[in-house]
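This report concerns only the one structure given below.
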Amino acid sequence: MDALLWLSFGGPEKPEDVRPFLENVTRGRGVPPERLDEVEQHYLGFGGVSPINELNRAAIEAVELELTAQGIDLPVYFGNRNWHPMVEDTVERMAADGVKSALVFPTSAYGGYSACRQYDEDISRARAAVGDGAPDLTKLRQFFDHPLFVSAYADAVRTAASGLDDYRLVYTAHSVPVSADAAAGPPSSGGHLYSQQVAEAARLVAMDLGVADYDVVWQSRSGPPRVPWLEPDIIDHLEALHDKEVPAVVLCPVGFVSDHLEVVWDLDTEAAEKAAELGMGFARAVAPSGDQRFAQLVVELIREQLASAPARKLSAFPVAGCTLNGAPCAVGCCEPAQRSRK
Ligand SMILES: CC1=C(CCC(=O)O)c2cc3nc(cc4[nH]c(cc5[nH]c(cc1n2)c(C)c5CCC(=O)O)c(CCC(=O)O)c4C)C(CCC(=O)O)=C3C
Ligand SMILES: [Fe+2]
């Protein structure tokens with residue numbers, strides 16, 4: 001292996017980037033323009049800057065230090081699906097630098113179309129764009145059940161909850177169309193891999209915390225209103241908890257690895273405002289991308305792959321997501337949702 005490619009979602013870094021970024025994200029996906037207008041305002045409310053690129057750069061720096069500390073000589077490249085540095089340009093640069101084969105770390109812990117297979121598509125597209133001489137790219141496995149991911153989130157919940165004595169623990173992950181979740185996983189498995197893995201990560205973090213009761217809900221719903229997405233939404237859920245006289249919530253965005261814009265908007269802004277309006281206490285666990293354990297996790301996944309070592313994991317879910325050159329895990333695995341044409 002000659003390198004590591006850090007493959008992420010990407011986000012705008014100035015106001016003029018926002019609209020073209022959103023067009024990239026939603027091209028061909030049937031997201032209504034009204035939804036885009038709304039999301040554009042979320043980004044512009046933060047000066048048109050998503051925190052995601054900066055968070056990725058910081059996490060990459062930590063991984064570079066960890067690689068050096070562990071005596072592994074692997075340059076790290078950074079490329080995104082939706083914004084600069086675009087993965088096509090990065091893979092081009094890797095080829096020009098003489099990289100013949102590289103590992104790929106996708107900044108998503110889960111299976112499913114948006115969380116796994118779409119990163120495979122990014123890898124295929126980037127290799128095709130480069131053509132002859134494109135490096136072989138091996139994607140690292142899903143890590144939602146890795147002990148370092150779980151313990152980083154558990155400590156983040158402890159820290160967030162430290163000022164509250166009676167609270168409900170509520171996990172969130174990005175909603176997806178119900179049809180996409182139904183198609184998540186190998187066709188023989190019965191689907192729902194994404195929502196099942198989110199539920200499992202939530203259970204593992206709760207076990208670490210010694211918390212018996214908690215909820216798993218969804219955030220950042222997109223798409224046309226008539227298409228069903230995973231529910232309940234976090235905002236509706238806060239109302240339901242308020243009706244049950246829950247005094248405070250601690251939100252844990254277990255579906256994500258970093259505090260990017262969907263976290264700072266949907267949770268720290270919208271959900272926090274809703275909680276204030278309901279008179280509920282509110283805290284949010286920090287996502288793990290800045291935790292030293294996250295850098296260690298990435299290097300562990302690299303070592304595991306290089307040594308063909310057994311996966312260190314806390315769940316009984318089969319290891320998945322590790323494929324070559326953008327191949328899906330299995331034929332028909334994690335197919336995208338059917339898009340409405342109009
Ligand atoms: C499962 C999942 C993850 C977790 C896995 C992973 O982390 O990869 C994730 C992450 C993210 N999603 C993000 C942003 C957006 N997602 C959108 C739209 C969508 N997401 C979807 C799913 C997911 N998304 C889906 C099914 C759509 C509908 C369009 C389609 O069918 O593909 C839209 C369009 C506008 C809208 O919200 O309607 C935006 C702007 C950002 C970056 C935030 C920043 O800039 O900091 C991140 C990390
Ligand atoms: Fe998204």
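All residue names refer to the structure tokens as shown: chains lettered A, B, ... in order, residues numbered from 1 in each chain, ligands numbered from 1 in order.
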Open item on the list: List as a count of residues only the protein and nucleic acid residues near Glu13 in chain A, meaning an atom at most 7 Å away when only C-alpha atoms are counted, but skip any in the same chain fewer than 2 places from it.
Closed with: 5
TODO: Go through the chains and note each residue within 10 Å of ligand 2, using only C-alpha atoms and all ligand atoms, then give the set as a PyMOL selection string.
DONE: chain A and resi 9+25-26+114-115+173-176+219-222+261-262
Just write the chosen residues, C-alpha atoms, as a compact mmCIF listing (two decimals), in the first residue's frame.
# COMPACT_ATOMS: atom_id res chain seq x y z
CA PHE A 9 -18.84 14.22 1.89
CA VAL A 25 -25.36 16.69 -3.52
CA THR A 26 -28.85 16.46 -4.95
CA SER A 114 -25.82 6.85 1.38
CA ALA A 115 -23.47 5.70 4.13
CA ALA A 173 -28.76 9.53 12.67
CA HIS A 174 -29.45 10.94 9.21
CA SER A 175 -32.85 9.82 7.99
CA VAL A 176 -33.02 8.02 4.64
CA GLN A 219 -32.74 13.94 11.63
CA SER A 220 -32.12 15.97 8.47
CA ARG A 221 -34.96 14.48 6.40
CA SER A 222 -34.74 15.51 2.75
CA LEU A 261 -23.49 21.35 9.43
CA GLU A 262 -26.34 18.85 9.73
Open item on the list: DSSP on the backbone, strand (DSSP E or B) only: what residues of range 6-119 of chain A does that give? Format it as a PyMOL selection string.
Closed with: chain A and resi 6-8+13+49+76-80+86+101-106
Output the selection as a short mmCIF file (atom, residue, chain, number, x, y, z; two decimals), in the first residue's frame - C-alpha atoms for each residue.
data_model
loop_
_atom_site.label_atom_id
_atom_site.label_comp_id
_atom_site.auth_asym_id
_atom_site.auth_seq_id
_atom_site.Cartn_x
_atom_site.Cartn_y
_atom_site.Cartn_z
CA TRP A 6 -9.55 10.10 3.24
CA LEU A 7 -12.91 10.12 1.46
CA SER A 8 -15.63 12.41 2.77
CA GLU A 13 -16.34 27.09 2.48
CA VAL A 49 -19.06 27.71 5.66
CA VAL A 76 -2.71 10.72 3.46
CA TYR A 77 -4.72 12.28 0.62
CA PHE A 78 -8.07 14.05 1.04
CA GLY A 79 -10.95 13.96 -1.43
CA ASN A 80 -14.71 14.56 -1.28
CA MET A 86 -13.06 16.63 -5.23
CA SER A 101 -2.53 1.12 -4.57
CA ALA A 102 -4.15 2.84 -1.62
CA LEU A 103 -6.54 2.23 1.24
CA VAL A 104 -9.63 4.41 1.50
CA PHE A 105 -11.12 5.62 4.77
CA PRO A 106 -14.73 6.73 4.25
#
Task: Best match for closeness to Ala69 in chain A among A:Ala295, A:Val130, A:Leu204, A:Val170, counting only C-alpha atoms - done: A:Ala295
- [ ] For range 230-239 of chain A, work out the shell of residues within 10 Å, counting only C-alpha atoms and skipping chain neighbours fewer than 4 positions away, then give it as number ranges by chain.
- [x] A: 170-181, 195, 215-221, 243-246, 248-249, 251, 266-267, 270-275, 278, 280
Would you export the selected residues with C-alpha atoms as a tab-separated table (two decimals), in the first residue's frame, please?
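Okay, this is what ended up in again06.tsv:
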chain	number	residue	atom	x	y	z
A	170	VAL	CA	-31.69	10.28	22.50
A	171	TYR	CA	-29.57	9.06	19.59
A	172	THR	CA	-29.88	10.56	16.13
A	173	ALA	CA	-28.76	9.53	12.67
A	174	HIS	CA	-29.45	10.94	9.21
A	175	SER	CA	-32.85	9.82	7.99
A	176	VAL	CA	-33.02	8.02	4.64
A	177	PRO	CA	-35.97	6.97	2.47
A	178	VAL	CA	-37.74	3.94	3.97
A	179	SER	CA	-37.19	2.18	0.64
A	180	ALA	CA	-33.42	2.81	0.85
A	181	ASP	CA	-33.28	1.34	4.34
A	195	SER	CA	-31.24	1.29	10.74
A	215	ASP	CA	-34.47	6.38	22.04
A	216	VAL	CA	-33.17	6.22	18.49
A	217	VAL	CA	-34.64	8.87	16.19
A	218	TRP	CA	-33.80	10.52	12.86
A	219	GLN	CA	-32.74	13.94	11.63
A	220	SER	CA	-32.12	15.97	8.47
A	221	ARG	CA	-34.96	14.48	6.40
A	243	ASP	CA	-45.74	15.38	26.66
A	244	LYS	CA	-44.31	12.63	28.88
A	245	GLU	CA	-42.79	15.30	31.14
A	246	VAL	CA	-39.20	14.42	30.36
A	248	ALA	CA	-34.11	17.21	29.72
A	249	VAL	CA	-32.50	15.46	26.78
A	251	LEU	CA	-28.64	14.09	22.10
A	266	ASP	CA	-30.52	20.32	12.95
A	267	LEU	CA	-29.42	19.64	16.53
A	270	GLU	CA	-33.30	23.68	15.54
A	271	ALA	CA	-33.56	21.00	18.24
A	272	ALA	CA	-31.97	23.25	20.88
A	273	GLU	CA	-34.51	25.98	20.07
A	274	LYS	CA	-37.35	23.49	20.26
A	275	ALA	CA	-36.13	22.23	23.65
A	278	LEU	CA	-40.62	23.43	25.61
A	280	MET	CA	-36.52	21.16	28.43
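The shell of residues at most 12 Å from His146 in chain A, with only C-alpha atoms counted and near chain neighbours (fewer than 6 positions) removed, consists of Ala109, Tyr110, Ala152, Tyr153, Gln197, Glu200, Ala201, Leu204, Val205, Arg293, Phe294, Gln296, Leu297, Val298, Glu300, Leu301, Ala311, Arg312, Lys313, Leu314, Ser315, Ala316, Phe317 and Val319 of chain A.
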N, CA and C atoms of the current selection, written as a short mmCIF file (atom, residue, chain, number, x, y, z; two decimals), in the first residue's frame:
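Wrote out_3.cif, looks like this:
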data_model
loop_
_atom_site.label_atom_id
_atom_site.label_comp_id
_atom_site.auth_asym_id
_atom_site.auth_seq_id
_atom_site.Cartn_x
_atom_site.Cartn_y
_atom_site.Cartn_z
N ALA A 109 -19.55 5.41 9.28
CA ALA A 109 -19.32 4.18 10.03
C ALA A 109 -20.24 3.05 9.62
N TYR A 110 -21.22 3.35 8.77
CA TYR A 110 -22.38 2.46 8.57
C TYR A 110 -22.48 1.88 7.17
N ALA A 152 -15.59 6.45 22.45
CA ALA A 152 -15.50 7.90 22.24
C ALA A 152 -16.89 8.53 22.39
N TYR A 153 -17.91 7.90 21.80
CA TYR A 153 -19.27 8.44 21.93
C TYR A 153 -19.77 8.33 23.37
N GLN A 197 -27.92 -1.21 12.15
CA GLN A 197 -26.58 -0.87 12.66
C GLN A 197 -26.63 0.37 13.55
N GLU A 200 -27.83 -0.77 16.77
CA GLU A 200 -26.79 -1.54 17.47
C GLU A 200 -25.73 -0.61 18.07
N ALA A 201 -25.31 0.40 17.32
CA ALA A 201 -24.32 1.35 17.86
C ALA A 201 -24.91 2.05 19.09
N LEU A 204 -24.78 -0.30 21.99
CA LEU A 204 -23.41 -0.49 22.50
C LEU A 204 -22.96 0.72 23.34
N VAL A 205 -23.29 1.92 22.87
CA VAL A 205 -22.92 3.12 23.62
C VAL A 205 -23.69 3.13 24.96
N ARG A 293 -9.03 8.87 20.12
CA ARG A 293 -9.45 7.49 19.80
C ARG A 293 -9.88 7.34 18.35
N PHE A 294 -10.35 8.43 17.75
CA PHE A 294 -10.77 8.34 16.36
C PHE A 294 -9.56 8.12 15.46
N GLN A 296 -6.80 6.77 16.40
CA GLN A 296 -6.34 5.39 16.70
C GLN A 296 -7.20 4.37 15.97
N LEU A 297 -8.49 4.65 15.91
CA LEU A 297 -9.42 3.75 15.21
C LEU A 297 -9.03 3.63 13.73
N VAL A 298 -8.78 4.77 13.10
CA VAL A 298 -8.43 4.75 11.67
C VAL A 298 -7.15 3.93 11.47
N GLU A 300 -5.98 1.64 13.39
CA GLU A 300 -6.28 0.22 13.65
C GLU A 300 -6.92 -0.45 12.45
N LEU A 301 -7.84 0.26 11.80
CA LEU A 301 -8.48 -0.31 10.60
C LEU A 301 -7.44 -0.55 9.50
N ALA A 311 -11.21 -8.65 12.71
CA ALA A 311 -11.78 -7.35 13.03
C ALA A 311 -12.06 -7.24 14.52
N ARG A 312 -11.62 -6.10 15.13
CA ARG A 312 -11.98 -5.86 16.53
C ARG A 312 -13.32 -5.13 16.52
N LYS A 313 -14.32 -5.81 17.04
CA LYS A 313 -15.68 -5.26 16.95
C LYS A 313 -16.53 -5.81 18.07
N LEU A 314 -17.59 -5.06 18.43
CA LEU A 314 -18.40 -5.42 19.59
C LEU A 314 -19.73 -6.07 19.22
N SER A 315 -20.10 -6.05 17.94
CA SER A 315 -21.40 -6.62 17.58
C SER A 315 -21.21 -7.91 16.80
N ALA A 316 -22.31 -8.62 16.61
CA ALA A 316 -22.28 -9.87 15.83
C ALA A 316 -22.58 -9.62 14.35
N PHE A 317 -22.76 -8.34 13.96
CA PHE A 317 -22.98 -8.06 12.54
C PHE A 317 -21.77 -8.50 11.75
N VAL A 319 -18.69 -8.40 9.22
CA VAL A 319 -17.83 -7.33 8.72
C VAL A 319 -18.29 -6.99 7.30
#
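Shortest atom-to-atom contact with ligand 1 among A:Gln70, A:Ser258, A:Thr159, A:Asn325: A:Ser258, counting only C-alpha atoms and all ligand atoms.
Closest approach to ligand 1 from the set A:Thr68, A:Ser189, A:Ser289, A:Ser124 is made by A:Ser289, with distances taken over only C-alpha atoms and all ligand atoms.
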Open item on the list: Under the rule that only C-alpha atoms and all ligand atoms are counted, which of A:Leu36, A:Leu306, A:Leu4, A:Ala199 is the nearest residue to ligand 1?
Closed with: A:Leu36
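The alpha helix (DSSP H) portion of range 134-183 of chain A consists of A:Pro147, A:Leu148, A:Phe149, A:Val150, A:Ser151, A:Ala152, A:Tyr153, A:Ala154, A:Asp155, A:Ala156, A:Val157, A:Arg158, A:Thr159, A:Ala160, A:Ala161, A:Val178, A:Ser179, A:Ala180, A:Asp181, A:Ala182, with states taken from DSSP on the backbone.
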Open item on the list: Given only C-alpha atoms and all ligand atoms as the basis, pick out the residue of A:Val31, A:Cys322, A:Leu148, A:Ala126 nearest to ligand 1.
Closed with: A:Val31
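Among the candidates A:Asp2, A:Asp166, A:Glu40, A:Asp155, the residue lying nearest to Asp208 in chain A is A:Asp155 (atoms considered: only C-alpha atoms).
In this model, the gap between atom 9 (C, counted along the ligand's line) of ligand 1 and CA of Ala3 in chain A comes to 25.4 Å.
The gap separating CA of Pro33 in chain A from CA of Glu121 in chain A is 24.7 Å, in Å to one decimal.
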